[in-house]
Amino acid sequence: MQESLGLAICCTTYSLGGIELNVLRLATWMQARGHRCLIIGAANSPLVDRARVDGIPVLELTARGRYTVVRSARQLARTLQRERIGTLILNVNRDLLLGVLTKRATGNALALVHTQHMQFGHAKTDIIHRWQHRQLDAWISPLPSLAEQTRRLTSVPAERIHQIPFGIDLKPLLNAPSREAARAALQLPQDVFLAGVVGRLDRGKGQEYLIRAAANLRADGVDLHLLLVGEETRGEHQGYGHELHMLVKELHLGDRVHFLGFIQDASVAYAAMDVFTLTSISETYGMVTIEAMAAGCPVIATNGGGTPDLVGGGDTVLLIPPANTNALAEALLRIQQDPALASQLRTSGRAYALRYFSHDAQCDAIEQLVERIRR
């Protein structure tokens with residue numbers, strides 16, 4: 001029987017996207033395994049609200065004014081000591097200082113882990129980052145390319161860098177409804193070719209290129225419908241969602257583009273699609289790509305960021321350049337007109353996702369890592 005671990009998982013952002021959902025998933029899975037989990041978040045953040053709904057204990061950091069991070073660290077340290085939680089897992093770079101100060105406030109009795117969700121834009125080797133990275137007991141990179149970036153662009157000791165892929169819960173994806181039932185549930189037309197994307201309505205996610213590709217194909221006599229699942233990025237005031245709606249209106253696609261908003265279980269959306277498109281300019285680790293593959297959906301994905309590494313090459317998905325409307329339109333046309341290609345992508349993509357991205361494997365690896373650094 002695995003000994004119960006005390007895990008605090010920290011993320012102080014105000015969005016509810018990939019990073020935050022990864023935090024919620026990990027806490028849910030580890031809690032189901034009998035571990036004591038606590039999510040640390042900013043007061044009134046969507047992450048904290050969702051954690052409460054999901055039955056995960058939370059700590060809201062409420063400090064304000066000068067020395068906010070110092071006060072938050074003291075609040076966090078007191079809570080972790082009271083709850084006998086010995087491991088703090090950070091998820092965004094902005095929380096590194098909070099984590100280091102919390103560790104020091106516990107007399108260095110806390111094991112400190114950082115999970116990498118993003119690529120590095122530049123080297124993190126200045127004196128502040130060197131000091132912060134020295135305090136880490138472990139660094140988790142989900143992809144080989146990200147682990148290599150960490151070794152090259154930071155001062156994190158190589159022996160503390162561990163590669164653990166983010167996992168997905170396969171059960172809902174394997175037991176999703178039929179295409180007909182999924183479309184009925186989402187009030188989508190039945191007899192259409194439906195391309196979809198799941199992700200925040202964020203400029204970096206590139207949904208505009210899918211809309212423009214659909215308009216180009218329609219001008220050439222090829223008709224398809226689009227399903228856009230996701231809500232506006234919170235706290236950034238991009239206005240991208242409004243821009244997308246205006247673009248749809250400008251291109252006269254109002255009856256062809258279906259905005260669904262955020263849904264907790266995306267398996268029904270994947271089931272409704274004929275093809276999934278990852279349109280991001282540069283996606284570090286597209287969980288939705290793996291989910292779509294596991295759901296048996298043919299995938300078109302941009303080849304920026306960590307996506308080529310994530311999908312294991314080009315035989316499981318169609319890779320295209322980012323921000324390239326013509327390439328996306330051509331890929332959509334290929335899948336629509338070539339059932340054999342769609343079937344091959346569906347089969348190879350699902351087999352790859354099921355082999356490498358089980359959430360049980362992620363949880364096993366984290367349990368082993370925490371036990372090792374807590375010795």
# chains A, B, ... in the order shown; residues from 1 in each chain; ligands from 1

$ residues_around --residues "Ser141 of chain A" --least-positions-apart "2" --cutoff "9 Å" --atoms "only C-alpha atoms" --output "list of chain:residue names"
A:His114, A:Thr115, A:Gln116, A:His117, A:Trp139, A:Leu143, A:Pro144, A:Ser145, A:Leu146, A:Ala147, A:Glu148, A:Thr150, A:Ile161, A:His162, A:Gln163, A:Ile164, A:Pro165

$ residues_around --residues "Thr233 of chain A" --least-positions-apart "5" --cutoff "8 Å" --atoms "only C-alpha atoms" --output "list in words"
Ser15, Leu16, Gly17, Arg200, Leu201, Asp202 and Gln238 of chain A

$ residues_around --residues "Thr12 of chain A" --least-positions-apart "6" --cutoff "9 Å" --atoms "only C-alpha atoms" --output "MDAnalysis selection string"
chainID A and resid 40:43 45 47 61 91:92 94:95

$ write_last_selection --atoms "N, CA and C atoms" --output "PDB file, in the first residue's frame"
ATOM      1  N   ILE A  40      -3.190  25.590  -3.745  1.00  0.00           N
ATOM      2  CA  ILE A  40      -2.880  26.960  -3.330  1.00  0.00           C
ATOM      3  C   ILE A  40      -3.155  27.884  -4.503  1.00  0.00           C
ATOM      4  N   GLY A  41      -4.005  28.877  -4.304  1.00  0.00           N
ATOM      5  CA  GLY A  41      -4.329  29.781  -5.392  1.00  0.00           C
ATOM      6  C   GLY A  41      -4.591  31.189  -4.916  1.00  0.00           C
ATOM      7  N   ALA A  42      -4.691  32.103  -5.866  1.00  0.00           N
ATOM      8  CA  ALA A  42      -5.019  33.490  -5.545  1.00  0.00           C
ATOM      9  C   ALA A  42      -6.478  33.593  -5.118  1.00  0.00           C
ATOM     10  N   ALA A  43      -6.744  34.527  -4.239  1.00  0.00           N
ATOM     11  CA  ALA A  43      -8.107  34.708  -3.739  1.00  0.00           C
ATOM     12  C   ALA A  43      -9.076  34.986  -4.882  1.00  0.00           C
ATOM     13  N   SER A  45      -9.869  33.311  -7.431  1.00  0.00           N
ATOM     14  CA  SER A  45      -9.452  32.913  -8.777  1.00  0.00           C
ATOM     15  C   SER A  45     -10.329  31.770  -9.286  1.00  0.00           C
ATOM     16  N   LEU A  47      -9.386  29.033 -10.544  1.00  0.00           N
ATOM     17  CA  LEU A  47      -8.806  27.772 -10.093  1.00  0.00           C
ATOM     18  C   LEU A  47      -9.345  27.390  -8.718  1.00  0.00           C
ATOM     19  N   LEU A  61      -4.616  32.649  -1.039  1.00  0.00           N
ATOM     20  CA  LEU A  61      -3.624  33.607  -0.550  1.00  0.00           C
ATOM     21  C   LEU A  61      -4.259  34.989  -0.554  1.00  0.00           C
ATOM     22  N   ASN A  91       3.895  25.690 -10.252  1.00  0.00           N
ATOM     23  CA  ASN A  91       3.513  25.457 -11.646  1.00  0.00           C
ATOM     24  C   ASN A  91       3.760  26.637 -12.579  1.00  0.00           C
ATOM     25  N   VAL A  92       4.062  27.803 -12.043  1.00  0.00           N
ATOM     26  CA  VAL A  92       4.372  28.951 -12.898  1.00  0.00           C
ATOM     27  C   VAL A  92       5.606  29.662 -12.336  1.00  0.00           C
ATOM     28  N   ARG A  94       6.278  32.691 -11.878  1.00  0.00           N
ATOM     29  CA  ARG A  94       6.012  33.805 -10.969  1.00  0.00           C
ATOM     30  C   ARG A  94       5.921  33.343  -9.519  1.00  0.00           C
ATOM     31  N   ASP A  95       5.670  32.043  -9.285  1.00  0.00           N
ATOM     32  CA  ASP A  95       5.517  31.530  -7.924  1.00  0.00           C
ATOM     33  C   ASP A  95       6.812  30.984  -7.333  1.00  0.00           C
TER      34      ASP A  95
END

$ residues_around --residues "Met30 of chain A" --least-positions-apart "4" --cutoff "9 Å" --atoms "only C-alpha atoms" --output "MDAnalysis selection string"
chainID A and resid 5 7 25:26 34:37 363 367

$ residues_around --residues "Asp360 of chain A" --least-positions-apart "4" --cutoff "9 Å" --atoms "only C-alpha atoms" --output "MDAnalysis selection string"
chainID A and resid 29 167:169 364:365

$ write_last_selection --atoms "N, CA and C atoms" --output "PDB file, in the first residue's frame"
ATOM      1  N   TRP A  29      -6.515  13.324  -9.129  1.00  0.00           N
ATOM      2  CA  TRP A  29      -6.000  11.959  -9.253  1.00  0.00           C
ATOM      3  C   TRP A  29      -5.235  11.523  -8.008  1.00  0.00           C
ATOM      4  N   GLY A 167      -0.370  13.412 -17.911  1.00  0.00           N
ATOM      5  CA  GLY A 167      -1.266  12.351 -18.333  1.00  0.00           C
ATOM      6  C   GLY A 167      -2.687  12.834 -18.548  1.00  0.00           C
ATOM      7  N   ILE A 168      -3.508  11.965 -19.074  1.00  0.00           N
ATOM      8  CA  ILE A 168      -4.921  12.245 -19.253  1.00  0.00           C
ATOM      9  C   ILE A 168      -5.723  11.058 -18.714  1.00  0.00           C
ATOM     10  N   ASP A 169      -6.928  11.345 -18.266  1.00  0.00           N
ATOM     11  CA  ASP A 169      -7.840  10.294 -17.837  1.00  0.00           C
ATOM     12  C   ASP A 169      -8.483   9.728 -19.101  1.00  0.00           C
ATOM     13  N   ASP A 364       2.159   7.615 -10.797  1.00  0.00           N
ATOM     14  CA  ASP A 364       3.192   6.694 -10.305  1.00  0.00           C
ATOM     15  C   ASP A 364       4.545   7.400 -10.239  1.00  0.00           C
ATOM     16  N   ALA A 365       4.885   8.113 -11.301  1.00  0.00           N
ATOM     17  CA  ALA A 365       6.193   8.772 -11.373  1.00  0.00           C
ATOM     18  C   ALA A 365       6.319   9.865 -10.314  1.00  0.00           C
TER      19      ALA A 365
END
